[in-house]
Each structure stands twice: as C-alpha cells, then as structure tokens.
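Colleague: Have a peek at data_5.cif (mmCIF, C-alpha atoms (C1' of nucleotides)).
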data_run
loop_
_atom_site.label_atom_id
_atom_site.label_comp_id
_atom_site.auth_asym_id
_atom_site.auth_seq_id
_atom_site.Cartn_x
_atom_site.Cartn_y
_atom_site.Cartn_z
CA MET O 1 -14.88 8.54 31.01
CA GLU O 2 -12.84 11.52 32.27
CA ASN O 3 -10.30 8.97 33.46
CA THR O 4 -9.66 7.76 29.92
CA LEU O 5 -8.74 11.32 29.00
CA PHE O 6 -6.54 12.03 32.01
CA ASP O 7 -4.81 8.65 31.79
CA PHE O 8 -3.93 9.58 28.24
CA ILE O 9 -2.70 13.07 29.11
CA SER O 10 -0.65 11.76 32.04
CA LYS O 11 1.52 9.83 29.58
CA TYR O 12 2.89 13.21 28.46
CA ILE O 13 2.46 15.84 31.16
CA SER O 14 1.05 16.06 34.70
CA LEU O 15 -1.98 18.18 35.47
CA THR O 16 -3.10 19.73 38.75
CA GLU O 17 -6.68 19.19 39.94
CA GLU O 18 -7.46 22.79 38.99
CA GLU O 19 -6.22 22.19 35.47
CA LYS O 20 -8.30 19.03 35.19
CA ASP O 21 -11.40 20.89 36.36
CA ALA O 22 -10.69 23.66 33.88
CA ILE O 23 -10.60 21.12 31.05
CA LEU O 24 -13.80 19.39 32.20
CA SER O 25 -15.58 22.74 32.51
CA LEU O 26 -15.06 23.24 28.77
CA ASP O 27 -17.71 20.54 28.35
CA LEU O 28 -16.25 18.91 25.24
CA PHE O 29 -17.63 15.37 25.56
CA ARG O 30 -20.19 14.28 22.98
CA SER O 31 -22.22 11.08 22.64
CA LEU O 32 -22.85 10.03 19.06
CA LYS O 33 -24.93 7.32 17.42
CA LYS O 34 -23.49 4.70 15.10
CA GLY O 35 -23.48 6.03 11.55
CA THR O 36 -23.30 9.71 12.52
CA THR O 37 -21.21 11.72 10.07
CA LEU O 38 -18.65 14.00 11.75
CA LEU O 39 -17.08 15.48 8.63
CA GLU O 40 -17.96 15.42 4.95
CA ALA O 41 -15.71 15.66 1.91
CA GLY O 42 -15.67 19.21 0.54
CA GLN O 43 -16.50 20.64 3.95
CA LYS O 44 -14.20 22.84 6.02
CA SER O 45 -13.85 22.18 9.73
CA LYS O 46 -11.71 23.12 12.71
CA ASN O 47 -12.63 20.12 14.83
CA SER O 48 -10.27 17.54 16.26
CA TYR O 49 -11.42 14.30 17.87
CA PHE O 50 -10.29 12.16 20.76
CA VAL O 51 -12.04 8.81 21.11
CA LEU O 52 -13.10 8.06 24.68
CA LYS O 53 -15.28 5.12 23.72
CA GLY O 54 -16.34 3.58 20.41
CA CYS O 55 -14.86 3.71 16.94
CA ILE O 56 -14.75 6.24 14.11
CA ARG O 57 -13.37 5.84 10.61
CA ILE O 58 -12.02 7.94 7.74
CA TYR O 59 -13.32 7.10 4.30
CA TYR O 60 -13.06 8.49 0.79
CA ILE O 61 -15.59 8.14 -1.97
CA ILE O 62 -13.64 7.31 -5.12
CA ASP O 63 -15.54 6.51 -8.34
CA GLY O 64 -18.66 6.12 -6.23
CA GLU O 65 -16.99 3.56 -3.96
CA GLU O 66 -16.35 3.96 -0.26
CA LYS O 67 -12.71 3.43 0.64
CA THR O 68 -12.02 3.24 4.36
CA THR O 69 -8.42 4.10 5.19
CA ALA O 70 -8.29 4.48 8.97
CA PHE O 71 -10.03 3.49 12.20
CA TYR O 72 -9.70 5.34 15.49
CA THR O 73 -10.67 3.62 18.73
CA GLU O 74 -10.32 4.22 22.49
CA MET O 75 -7.42 6.61 23.31
CA ASP O 76 -6.83 7.56 19.68
CA ALA O 77 -6.56 11.22 18.70
CA LEU O 78 -7.33 12.58 15.25
CA THR O 79 -6.83 16.00 13.72
CA PRO O 80 -8.17 15.88 10.17
CA HIS O 81 -6.00 17.05 7.30
CA CYS O 82 -8.42 19.88 6.46
CA VAL O 83 -7.89 21.42 9.91
CA ILE O 84 -4.13 21.54 9.33
CA ASN O 85 -4.08 22.84 5.77
CA LYS O 86 -7.29 24.92 6.10
CA ALA O 87 -8.69 23.49 2.87
CA PRO O 88 -11.90 21.55 2.16
CA SER O 89 -11.75 17.96 3.39
CA GLU O 90 -10.90 15.21 0.92
CA TYR O 91 -12.59 12.60 3.08
CA PHE O 92 -15.50 11.72 5.35
CA ILE O 93 -15.40 10.80 9.02
CA SER O 94 -18.19 8.83 10.64
CA CYS O 95 -18.99 6.68 13.65
CA VAL O 96 -18.60 2.92 13.17
CA GLU O 97 -20.25 2.37 16.57
CA ASP O 98 -22.11 4.43 19.15
CA SER O 99 -19.25 6.54 20.46
CA ILE O 100 -18.24 9.08 23.06
CA LEU O 101 -15.80 11.64 21.72
CA LEU O 102 -14.01 14.70 22.94
CA ILE O 103 -14.42 17.30 20.21
CA SER O 104 -12.18 20.36 20.32
CA ASN O 105 -11.56 23.10 17.81
CA SER O 106 -8.29 24.50 16.58
CA ASP O 107 -8.89 28.12 17.65
CA MET O 108 -9.48 26.97 21.18
CA GLU O 109 -6.41 24.76 21.10
CA ALA O 110 -4.21 27.57 19.80
CA GLU O 111 -5.37 29.75 22.69
CA ILE O 112 -4.72 27.05 25.28
CA ASN O 113 -1.34 26.22 23.78
CA SER O 114 -0.19 29.82 23.92
CA LYS O 115 -1.36 30.17 27.53
CA PHE O 116 -0.01 26.85 28.80
CA PRO O 117 3.42 25.86 27.46
CA LYS O 118 2.85 22.50 29.15
CA PHE O 119 0.07 21.81 26.70
CA GLU O 120 2.10 22.93 23.71
CA LEU O 121 4.81 20.51 24.83
CA MET O 122 2.31 17.66 25.00
CA CYS O 123 1.04 18.41 21.52
CA ARG O 124 4.56 18.46 20.10
CA ILE O 125 5.55 15.17 21.69
CA LEU O 126 2.28 13.55 20.74
CA SER O 127 2.51 14.64 17.09
CA GLU O 128 6.10 13.47 16.89
CA GLU O 129 5.14 10.08 18.31
CA LEU O 130 2.14 9.72 16.02
CA LEU O 131 4.21 10.73 13.01
CA ALA O 132 6.91 8.16 13.80
CA LYS O 133 4.24 5.50 14.33
CA GLU O 134 2.40 6.42 11.13
CA ARG O 135 5.62 6.10 9.15
CA VAL O 136 6.38 2.68 10.59
CA ASP O 137 2.84 1.53 9.79
CA PHE O 138 3.16 2.89 6.26
CA ASP O 139 6.50 1.10 5.85
CA ALA O 140 4.97 -2.17 7.08
CA PHE O 141 2.14 -1.76 4.59
CA LYS O 142 4.50 -1.10 1.68
CA THR O 143 6.73 -4.05 2.45
CA SER O 144 4.03 -6.68 2.94
CA SER O 145 1.36 -8.54 0.97
CA PRO O 146 -2.38 -8.30 1.69
CA GLU O 147 -2.16 -11.67 3.44
CA GLN O 148 0.69 -10.51 5.68
CA ARG O 149 -1.17 -7.27 6.39
CA TYR O 150 -4.22 -9.22 7.47
CA MET O 151 -2.19 -11.47 9.77
CA ASN O 152 -0.41 -8.44 11.15
CA LEU O 153 -3.77 -6.82 11.91
CA LEU O 154 -4.92 -10.05 13.58
CA GLN O 155 -1.93 -9.65 15.91
CA LYS O 156 -1.90 -5.90 16.49
CA ARG O 157 -5.59 -4.94 16.50
CA PRO O 158 -7.64 -8.14 16.81
CA ASP O 159 -10.58 -6.14 18.16
CA LEU O 160 -10.94 -4.28 14.84
CA ILE O 161 -11.64 -7.50 12.95
CA GLN O 162 -14.55 -8.15 15.30
CA ARG O 163 -16.08 -4.71 15.53
CA VAL O 164 -15.76 -3.47 11.96
CA PRO O 165 -17.61 -4.65 8.79
CA GLN O 166 -15.49 -6.76 6.42
CA HIS O 167 -15.87 -4.45 3.42
CA GLN O 168 -14.47 -1.55 5.46
CA LEU O 169 -11.59 -3.73 6.65
CA ALA O 170 -10.87 -4.72 3.06
CA SER O 171 -10.10 -1.22 1.82
CA PHE O 172 -8.19 -0.59 5.06
CA LEU O 173 -5.99 -3.53 3.94
CA GLY O 174 -5.78 -2.11 0.42
CA ILE O 175 -7.91 -4.77 -1.29
CA LYS O 176 -11.51 -5.47 -2.40
CA PRO O 177 -14.05 -7.17 -0.11
CA GLN O 178 -14.15 -10.25 -2.37
CA SER O 179 -10.37 -10.60 -2.07
CA LEU O 180 -10.54 -10.39 1.71
CA SER O 181 -13.19 -13.11 1.74
CA ARG O 182 -11.01 -15.31 -0.46
CA LEU O 183 -7.90 -14.52 1.58
CA ARG O 184 -9.65 -15.57 4.80
CA ALA O 185 -10.87 -18.80 3.18
CA ARG O 186 -7.30 -19.48 2.00
CA LEU O 187 -5.92 -19.00 5.53
CA LEU O 188 -8.51 -21.34 7.07
CA GLU O 189 -7.57 -23.92 4.42
CA LYS O 190 -3.88 -23.60 5.34
CA LYS O 191 -4.44 -24.10 9.09
CA SER O 192 -6.17 -27.47 8.64
CA MET X 1 23.17 26.64 1.94
CA GLU X 2 22.21 28.50 5.12
CA ASN X 3 19.47 30.12 3.07
CA THR X 4 17.81 26.77 2.47
CA LEU X 5 17.58 26.31 6.21
CA PHE X 6 16.34 29.79 7.06
CA ASP X 7 13.84 29.79 4.19
CA PHE X 8 12.46 26.62 5.68
CA ILE X 9 12.30 27.95 9.24
CA SER X 10 10.71 31.21 8.08
CA LYS X 11 7.65 29.25 6.96
CA TYR X 12 6.92 28.68 10.65
CA ILE X 13 8.55 31.36 12.81
CA SER X 14 10.70 34.44 12.31
CA LEU X 15 14.25 34.57 13.61
CA THR X 16 16.40 37.58 14.51
CA GLU X 17 19.91 37.86 13.08
CA GLU X 18 21.32 36.96 16.49
CA GLU X 19 19.23 33.81 16.59
CA LYS X 20 20.37 32.85 13.11
CA ASP X 21 23.99 33.35 14.10
CA ALA X 22 23.43 31.27 17.21
CA ILE X 23 22.13 28.41 15.09
CA LEU X 24 24.99 28.66 12.59
CA SER X 25 27.53 28.70 15.40
CA LEU X 26 26.35 25.24 16.42
CA ASP X 27 28.13 24.04 13.27
CA LEU X 28 25.67 21.28 12.35
CA PHE X 29 26.21 21.08 8.59
CA ARG X 30 27.81 17.89 7.25
CA SER X 31 28.89 16.89 3.74
CA LEU X 32 28.44 13.21 2.99
CA LYS X 33 29.42 10.98 0.08
CA LYS X 34 26.90 8.93 -1.88
CA GLY X 35 26.42 5.56 -0.22
CA THR X 36 27.34 6.75 3.28
CA THR X 37 25.29 4.98 5.95
CA LEU X 38 23.80 7.34 8.55
CA LEU X 39 21.98 4.78 10.67
CA GLU X 40 21.99 0.99 10.81
CA ALA X 41 19.24 -1.40 11.88
CA GLY X 42 19.76 -2.54 15.47
CA GLN X 43 21.62 0.66 16.31
CA LYS X 44 20.43 3.36 18.72
CA SER X 45 20.76 6.99 17.76
CA LYS X 46 19.62 10.45 18.80
CA ASN X 47 20.23 12.12 15.47
CA SER X 48 17.70 13.93 13.32
CA TYR X 49 18.38 15.04 9.77
CA PHE X 50 17.45 17.99 7.62
CA VAL X 51 18.38 17.73 3.95
CA LEU X 52 20.00 20.90 2.59
CA LYS X 53 21.15 19.27 -0.63
CA GLY X 54 21.05 15.73 -1.98
CA CYS X 55 18.91 12.74 -1.16
CA ILE X 56 18.78 10.16 1.61
CA ARG X 57 16.60 7.07 1.93
CA ILE X 58 15.19 4.73 4.56
CA TYR X 59 15.46 1.02 3.83
CA TYR X 60 14.77 -2.23 5.61
CA ILE X 61 16.47 -5.55 5.01
CA ILE X 62 13.73 -8.18 4.96
CA ASP X 63 14.62 -11.79 4.12
CA GLY X 64 17.94 -10.52 2.83
CA GLU X 65 16.26 -8.05 0.47
CA GLU X 66 16.58 -4.29 0.61
CA LYS X 67 13.20 -2.56 0.80
CA THR X 68 13.33 1.20 0.37
CA THR X 69 10.30 2.90 1.92
CA ALA X 70 11.13 6.62 1.89
CA PHE X 71 13.23 9.28 0.21
CA TYR X 72 14.10 12.65 1.71
CA THR X 73 15.32 15.46 -0.52
CA GLU X 74 15.96 19.22 -0.29
CA MET X 75 13.99 20.85 2.57
CA ASP X 76 12.84 17.52 4.03
CA ALA X 77 13.24 16.83 7.75
CA LEU X 78 13.54 13.39 9.26
CA THR X 79 13.53 12.23 12.86
CA PRO X 80 13.99 8.44 12.84
CA HIS X 81 11.58 6.25 14.76
CA CYS X 82 14.36 5.01 17.06
CA VAL X 83 14.99 8.56 18.29
CA ILE X 84 11.33 8.90 19.31
CA ASN X 85 10.82 5.54 20.97
CA LYS X 86 14.40 5.19 22.23
CA ALA X 87 14.68 1.64 20.89
CA PRO X 88 17.11 0.09 18.39
CA SER X 89 16.36 1.11 14.81
CA GLU X 90 14.36 -1.25 12.59
CA TYR X 91 15.82 0.31 9.47
CA PHE X 92 18.86 1.77 7.73
CA ILE X 93 19.35 5.31 6.46
CA SER X 94 21.88 6.10 3.76
CA CYS X 95 22.79 8.71 1.17
CA VAL X 96 21.43 8.13 -2.34
CA GLU X 97 23.62 11.00 -3.61
CA ASP X 98 26.44 13.17 -2.31
CA SER X 99 24.51 15.24 0.23
CA ILE X 100 24.74 18.15 2.63
CA LEU X 101 22.73 17.57 5.80
CA LEU X 102 22.06 19.35 9.01
CA ILE X 103 22.46 16.75 11.75
CA SER X 104 21.10 17.56 15.19
CA ASN X 105 20.60 15.43 18.26
CA SER X 106 17.55 15.10 20.46
CA ASP X 107 19.22 16.19 23.72
CA MET X 108 20.29 19.42 22.08
CA GLU X 109 16.84 19.95 20.62
CA ALA X 110 15.14 19.38 23.97
CA GLU X 111 17.40 22.02 25.50
CA ILE X 112 16.71 24.53 22.73
CA ASN X 113 12.98 23.85 22.85
CA SER X 114 12.79 24.48 26.57
CA LYS X 115 14.78 27.71 26.25
CA PHE X 116 12.98 29.06 23.18
CA PRO X 117 9.20 28.54 23.13
CA LYS X 118 9.31 29.85 19.57
CA PHE X 119 11.24 26.76 18.56
CA GLU X 120 8.93 24.42 20.41
CA LEU X 121 6.04 26.03 18.54
CA MET X 122 7.74 25.43 15.21
CA CYS X 123 8.36 21.79 16.04
CA ARG X 124 4.74 21.26 17.02
CA ILE X 125 3.36 22.86 13.87
CA LEU X 126 5.86 21.05 11.69
CA SER X 127 5.09 17.65 13.20
CA GLU X 128 1.37 18.24 12.88
CA GLU X 129 1.79 19.20 9.24
CA LEU X 130 4.03 16.24 8.47
CA LEU X 131 1.66 13.88 10.24
CA ALA X 132 -1.33 15.13 8.26
CA LYS X 133 0.68 14.85 5.04
CA GLU X 134 1.94 11.36 5.87
CA ARG X 135 -1.63 10.21 6.48
CA VAL X 136 -2.85 11.59 3.18
CA ASP X 137 0.05 9.90 1.39
CA PHE X 138 -0.71 6.62 3.14
CA ASP X 139 -4.38 6.94 2.19
CA ALA X 140 -3.45 7.59 -1.45
CA PHE X 141 -1.21 4.52 -1.40
CA LYS X 142 -3.93 2.29 0.05
CA THR X 143 -6.57 3.43 -2.39
CA SER X 144 -4.55 3.11 -5.58
CA SER X 145 -2.90 0.47 -7.75
CA PRO X 146 0.87 0.30 -8.41
CA GLU X 147 0.24 1.87 -11.82
CA GLN X 148 -1.69 4.77 -10.32
CA ARG X 149 1.00 5.19 -7.65
CA TYR X 150 3.67 5.43 -10.34
CA MET X 151 1.71 7.99 -12.32
CA ASN X 152 1.05 9.92 -9.14
CA LEU X 153 4.78 9.95 -8.39
CA LEU X 154 5.47 11.12 -11.94
CA GLN X 155 3.25 14.13 -11.16
CA LYS X 156 4.24 14.90 -7.57
CA ARG X 157 7.96 14.08 -7.46
CA PRO X 158 9.20 13.71 -11.05
CA ASP X 159 12.77 14.42 -9.88
CA LEU X 160 12.83 11.22 -7.81
CA ILE X 161 12.29 9.05 -10.88
CA GLN X 162 15.40 10.60 -12.39
CA ARG X 163 17.72 10.62 -9.43
CA VAL X 164 16.92 7.30 -7.77
CA PRO X 165 17.69 3.73 -8.97
CA GLN X 166 14.63 1.84 -10.29
CA HIS X 167 14.91 -1.04 -7.84
CA GLN X 168 14.73 1.41 -4.94
CA LEU X 169 11.74 3.14 -6.53
CA ALA X 170 10.04 -0.23 -6.95
CA SER X 171 9.88 -1.05 -3.25
CA PHE X 172 8.93 2.57 -2.57
CA LEU X 173 5.91 1.85 -4.81
CA GLY X 174 5.28 -1.43 -3.03
CA ILE X 175 6.27 -3.73 -5.89
CA LYS X 176 9.28 -5.70 -7.24
CA PRO X 177 11.79 -4.15 -9.69
CA GLN X 178 10.66 -6.52 -12.47
CA SER X 179 7.07 -5.37 -12.01
CA LEU X 180 8.09 -1.74 -12.23
CA SER X 181 9.98 -2.44 -15.46
CA ARG X 182 6.93 -4.19 -16.91
CA LEU X 183 4.61 -1.45 -15.67
CA ARG X 184 6.71 1.21 -17.40
CA ALA X 185 6.74 -0.80 -20.63
CA ARG X 186 2.95 -1.14 -20.38
CA LEU X 187 2.51 2.62 -19.97
CA LEU X 188 4.75 3.40 -22.97
CA GLU X 189 2.67 0.93 -24.98
CA LYS X 190 -0.56 2.71 -23.98
CA LYS X 191 0.67 6.16 -24.97
CA SER X 192 1.43 5.17 -28.56
"C1'" DC D 1 41.10 -0.03 -20.57
"C1'" DC D 2 39.07 -4.02 -19.14
"C1'" DT D 3 36.77 -6.72 -15.65
"C1'" DA D 4 33.44 -7.26 -12.07
"C1'" DT D 5 29.40 -5.74 -10.30
"C1'" DT D 6 25.26 -3.56 -10.23
"C1'" DT D 7 21.22 -2.23 -12.55
"C1'" DC D 8 17.61 -2.77 -15.79
"C1'" DT D 9 14.91 -5.34 -18.95
"C1'" DT D 10 12.65 -9.35 -20.96
"C1'" DA D 11 10.39 -13.75 -20.91
"C1'" DA D 12 7.79 -17.86 -19.29
"C1'" DC D 13 5.28 -19.45 -15.69
"C1'" DT D 14 2.73 -19.19 -11.08
"C1'" DT D 15 -0.11 -16.99 -7.91
"C1'" DA D 16 -3.23 -13.80 -6.21
"C1'" DA D 17 -5.95 -9.71 -6.75
"C1'" DG D 18 -9.63 -7.28 -9.71
"C1'" DT D 19 -14.16 -7.77 -12.00
"C1'" DG D 20 -18.89 -8.98 -12.70
"C1'" DA D 21 -22.44 -11.72 -11.30
"C1'" DA D 22 -25.20 -14.53 -8.38
"C1'" DC D 23 -26.86 -16.25 -3.94
"C1'" DG D 24 -28.24 -16.65 0.88
"C1'" DA D 25 -28.47 -14.56 5.53
"C1'" DG D 26 -29.63 -10.82 8.09
"C1'" DT D 27 -31.66 -6.19 8.59
"C1'" DT D 28 -34.72 -2.38 7.67
"C1'" DA D 29 -38.72 -0.09 6.05
"C1'" DG D 30 -43.18 0.12 4.41
"C1'" DC F 1 -45.34 -9.99 6.37
"C1'" DT F 2 -43.04 -8.90 2.56
"C1'" DA F 3 -40.09 -6.20 -0.42
"C1'" DA F 4 -35.79 -3.83 -0.64
"C1'" DC F 5 -31.10 -3.46 1.08
"C1'" DT F 6 -26.89 -4.55 2.95
"C1'" DC F 7 -23.38 -7.73 3.75
"C1'" DG F 8 -20.52 -11.53 3.21
"C1'" DT F 9 -19.32 -15.38 0.36
"C1'" DT F 10 -18.53 -18.00 -3.81
"C1'" DC F 11 -17.54 -18.68 -8.75
"C1'" DA F 12 -15.62 -18.03 -13.36
"C1'" DC F 13 -12.82 -15.20 -15.80
"C1'" DT F 14 -9.32 -11.41 -16.55
"C1'" DT F 15 -5.42 -8.90 -15.35
"C1'" DA F 16 -1.35 -7.84 -13.11
"C1'" DA F 17 2.10 -8.83 -9.71
"C1'" DG F 18 5.52 -12.46 -7.85
"C1'" DT F 19 9.13 -15.75 -9.15
"C1'" DT F 20 12.98 -17.61 -11.47
"C1'" DA F 21 16.19 -17.14 -14.84
"C1'" DA F 22 18.86 -15.07 -18.43
"C1'" DG F 23 21.00 -11.55 -20.78
"C1'" DA F 24 21.96 -6.57 -22.07
"C1'" DA F 25 23.45 -2.03 -20.43
"C1'" DA F 26 25.60 0.95 -17.36
"C1'" DT F 27 28.92 1.82 -13.59
"C1'" DA F 28 32.73 1.34 -10.58
"C1'" DG F 29 37.21 -0.20 -9.37
"C1'" DG F 30 41.66 -1.84 -10.25
#
Let's see the structure in the file written out as structure tokens.
Modeller:
Amino acid sequence: MENTLFDFISKYISLTEEEKDAILSLDLFRSLKKGTTLLEAGQKSKNSYFVLKGCIRIYYIIDGEEKTTAFYTEMDALTPHCVINKAPSEYFISCVEDSILLISNSDMEAEINSKFPKFELMCRILSEELLAKERVDFDAFKTSSPEQRYMNLLQKRPDLIQRVPQHQLASFLGIKPQSLSRLRARLLEKKS
Amino acid sequence: MENTLFDFISKYISLTEEEKDAILSLDLFRSLKKGTTLLEAGQKSKNSYFVLKGCIRIYYIIDGEEKTTAFYTEMDALTPHCVINKAPSEYFISCVEDSILLISNSDMEAEINSKFPKFELMCRILSEELLAKERVDFDAFKTSSPEQRYMNLLQKRPDLIQRVPQHQLASFLGIKPQSLSRLRARLLEKKS
DNA sequence: CCTATTTCTTAACTTAAGTGAACGAGTTAG
DNA sequence: CTAACTCGTTCACTTAAGTTAAGAAATAGG
C-alpha cells in the first residue's frame, strides 16, 4: 500500500528513507466501506484525497437527481473545489467500492510545503499536469458525441465500465441511463 | 498594461519594485494582429501565454472542421498541453482579436521558479485554482443541455458572445453553428 | 466601389437523446 | 419468505441536435 504512494511520488521528486518514514508516521491511511460519504454538498472541508485502492466519485444532486461527474481510482489525487475556494461544497464525494485512501488536510499541506520546497515543487508540477490533462479531457468531451465518448472510455478506462454502475456512468458521459442502455444496444447491433 | 500583470500577480504574492523592474526588463510583451497563429497542431513549443488585452482561442481541426474549445481573455493564463507533456501539440492557438500578450517559455520559468520560491508558490496556487475551476466548468458542462450552457455563458461571460464569431461559440458550447442559431431563435421566441 | 469570402440564418429531413412508464432480475430488509 | 428497492433494459412518444442545402448579411481585399 505504501508502495503505491511512493511510486506515485517518485514520478515527481525523490525522497530519502527518513522522509518516507516521516510521511508514514503521519498515519494518513484510511479504510472505507463502499457507500461511505466523504464530503456532502453545503459542507466545508479541508481534506484532500489520494486513492491507494478502490474508487470514489463526485456527484451533484440537481433537481433531486444524482449526477456523477468524476471517478477517481488507484493513483488518482483529488483536492475538492471547496478546499481551494474555502466555500461550501457544491457536490458530494463517496466511495463506489471499499477503498483505501490517504486523507490529508490543507493546513498540514501548507506547513509541509513551506518547510520542504521539494514538496511544493511536486505539488506545482502535479497541478500543472492535472490541469493540462483536465483541459484535454474537456476538449475531447466537447468535440465528441455520446457514442464517441463511450467508445473513448472503453479504450482509455475499460475498468470503469466494469466496476461502476451504469446510471453513474451515464451522467459521467453526459447522458441519461436510458440513453446509455440504448447506445450500448445500438453498438452491439452494429458489430454483428 | 504592466498594471494588468501586476494586479494579477498581487492576488497571489507581493513583489518589490526591484522585482517588478526585473520582470519588465525581460521584455516579454508582444502585440499581435487578429488571426495570428501562435501554435499549430503537430508543432512543439515551450511558450506560455498571459493575455493582457484581447482574446485568443484554442481550436482543433477534426475531419477538416475547426472546433474551438476555449477562449482566453484579459487576465487569463494559458500553458498549452504540449508544453507540459513535451509532445507535439494536438491543437492550434490563434488570436481572435488584435491582442497584447505576455509570452514566456518554460525553461525561463523553471529558472525563475528555482531562484524565487515566491514565484514557485504563486504557480502552485494558481494551477490549483485553475484546476479546481476547470473541473467545476467541466461538471457544469456535463450536467447541462446546450440551451442551459448558452444561458450560463450569457451570465458568466456575456462579453464573449459579443466579441467572438457564432460558429466558434457553437463548438465551444459543444454544438454545430446551425444549432446555435436555432437555439437563439428558440430563446427569443420564449421571451415574447 | 465592387467582388469574393466568410458568417449567420432558415428550412426540410434524419437521427439520437430526453421523458414517462413498465417490466424483470437482483438485492436488501423486515 | 416476502415486500420493497435498486438497477438495467425496453418501448412509445417528444424534443432537439445533426445534416444538407440555400440564401441573406456582413466583411475583407483588390
């Protein structure tokens, strides 16, 4: 489990054994049951999440309907919007599966960042990378149809289609569950 | 013009007069004519842009069609994906209007960041903010219809609708120009 | 000033997503 | 064990976006 974390960090900076021990001694790992809510809309929070194992999702409740917009799986990091803009959250975060997460809080991170420039550097590079990636994903979404988005997902994150309920996938693809069902039927038709 | 830049920076860190002079002495401001291409698909580049005045856009050419996915106006900063992942660009960047930009390159930034921790800090906070904002925008896009997206744009960036050609706005909203025309006609109908 | 081009709109038709409802399979709770 | 739910699928119908084409309006270039 620790390896997942240090493999991730090593993509950006290198840590000494002492530094690794210091991080582990903070005791930030948490095991959570499927369905556990990590953040609720309207709530304020300073917590960021790093997924070591499992899957968590962001969802909104709009007109009484759940709209899932993002999934985070192994090696994904997530700092909720409410932590950045210090306002109540617009969305919920919950566990899609039993998961093991690293949960840190922004005060602690600020302290570490100011003490260890190495860590600040990692955070900058990571955010820049994630931002560039998010923009490319957004662009791909804008320029493609639901069907193309589904096929793209099938290519890029085939695991998601297996581990996540269809109705959550549907809103992730920007459509209704019935449309996803129909779309899948249409694709099967085409293949034969 | 310099004020636009320093107003922006002051939201994150404070600079001494010497530091401001040092930045100005780098002579990074560029005036560009409407239509000027800043980056082409397939090309590699290390340049980042900060818009002091005017408007630039990102567009893809997919099946021979231009698809505009983003607009950057006054006080917006843009580091293209190809600068981050050091691969050829997937998209074009060009000026929608006559514009004044600050153009920096990543080698220079890396040097400045390592010399001035203050600057590194600003970059981290800025990227984190932009990432959080990009995610919220993406979420809003996923969870709304073209009509809602248009009305949302009317609220959040009314200037864009004035200064940008409709067919570029259309792909920005994820639809075809004809659909945007029809959508606008439909909305006018509703009002009366 | 006029032509060529680009941009925007309109229309008729096609295709696919939204809506509301119903059904069966699988799961959960009493 | 059964009743209540959740989940995925299907269907009929509505609505809106895609497509193709044509023409009007605005813009740019010679």
Colleague: Select, as a list in words, those residues of chain D with any atom no more than 12 Å from chain O (distances computed using only C-alpha atoms (C1' of nucleotides)).
Modeller: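 For chain D, the answer reads DA16, DA17, DG18, DT19 and DG20 of chain D.
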Colleague: Taking (26.4, -3.3, -9.5) in the file's own coordinates, collect the residues within 9 Å, counting only C-alpha atoms (C1' of nucleotides), and hand them back as a short mmCIF file (atom, residue, chain, number, x, y, z; two decimals) with C-alpha atoms (C1' of nucleotides), in the frame of the given file.
Modeller:
data_model
loop_
_atom_site.label_atom_id
_atom_site.label_comp_id
_atom_site.auth_asym_id
_atom_site.auth_seq_id
_atom_site.Cartn_x
_atom_site.Cartn_y
_atom_site.Cartn_z
"C1'" DA D 4 33.44 -7.26 -12.07
"C1'" DT D 5 29.40 -5.74 -10.30
"C1'" DT D 6 25.26 -3.56 -10.23
"C1'" DT D 7 21.22 -2.23 -12.55
"C1'" DA F 26 25.60 0.95 -17.36
"C1'" DT F 27 28.92 1.82 -13.59
"C1'" DA F 28 32.73 1.34 -10.58
#
Colleague: Determine the residue membership of the PyMOL selection byres ((chain X) within 6 of (chain O)) for the file above and supply it as number ranges by chain.
Modeller: X: 69, 81, 124, 127-128, 131-132, 139, 142, 174
Colleague: Kindly export the residues of the current selection with C-alpha atoms, as a PDB file, in the coordinates of the input.
Modeller:
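Writing the result to result.pdb gives the following:
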ATOM      1  CA  THR X  69      10.300   2.900   1.920  1.00  0.00           C
ATOM      2  CA  HIS X  81      11.580   6.250  14.760  1.00  0.00           C
ATOM      3  CA  ARG X 124       4.740  21.260  17.020  1.00  0.00           C
ATOM      4  CA  SER X 127       5.090  17.650  13.200  1.00  0.00           C
ATOM      5  CA  GLU X 128       1.370  18.240  12.880  1.00  0.00           C
ATOM      6  CA  LEU X 131       1.660  13.880  10.240  1.00  0.00           C
ATOM      7  CA  ALA X 132      -1.330  15.130   8.260  1.00  0.00           C
ATOM      8  CA  ASP X 139      -4.380   6.940   2.190  1.00  0.00           C
ATOM      9  CA  LYS X 142      -3.930   2.290   0.050  1.00  0.00           C
ATOM     10  CA  GLY X 174       5.280  -1.430  -3.030  1.00  0.00           C
TER      11      GLY X 174
END
Colleague: Decode the PyMOL selection byres ((chain O) within 10 of (chain F)) for the given file into explicit residues and return them as a list in words.
Modeller: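 Applied to this file, the PyMOL selection byres ((chain O) within 10 of (chain F)) returns Pro165, Gln166, His167, Pro177, Gln178, Ser181, Arg182 and Ala185 of chain O.
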Colleague: What does the file look like for those residues with C-alpha atoms, as a PDB file, in the coordinates of the input?
Modeller:
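After the write, again20.pdb holds the following:
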ATOM      1  CA  PRO O 165     -17.610  -4.650   8.790  1.00  0.00           C
ATOM      2  CA  GLN O 166     -15.490  -6.760   6.420  1.00  0.00           C
ATOM      3  CA  HIS O 167     -15.870  -4.450   3.420  1.00  0.00           C
ATOM      4  CA  PRO O 177     -14.050  -7.170  -0.110  1.00  0.00           C
ATOM      5  CA  GLN O 178     -14.150 -10.250  -2.370  1.00  0.00           C
ATOM      6  CA  SER O 181     -13.190 -13.110   1.740  1.00  0.00           C
ATOM      7  CA  ARG O 182     -11.010 -15.310  -0.460  1.00  0.00           C
ATOM      8  CA  ALA O 185     -10.870 -18.800   3.180  1.00  0.00           C
TER       9      ALA O 185
END
Colleague: Taking (-14.7, 19.2, 14.3) as a centre in this file's frame and 12 Å as the limit, can you find every polymer residue with an atom that close, using only C-alpha atoms (C1' of nucleotides), and give them as a VMD selection string?
Modeller: chain O and resid 28 30 37 to 40 43 to 50 78 to 84 89 92 to 94 101 to 108
Colleague: Please, what distance in Å, to one decimal, runs between CA of Asp63 in chain O and CA of Asp76 in chain O?
Modeller: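 Result for CA of Asp63 in chain O versus CA of Asp76 in chain O: 29.4 Å, one decimal.
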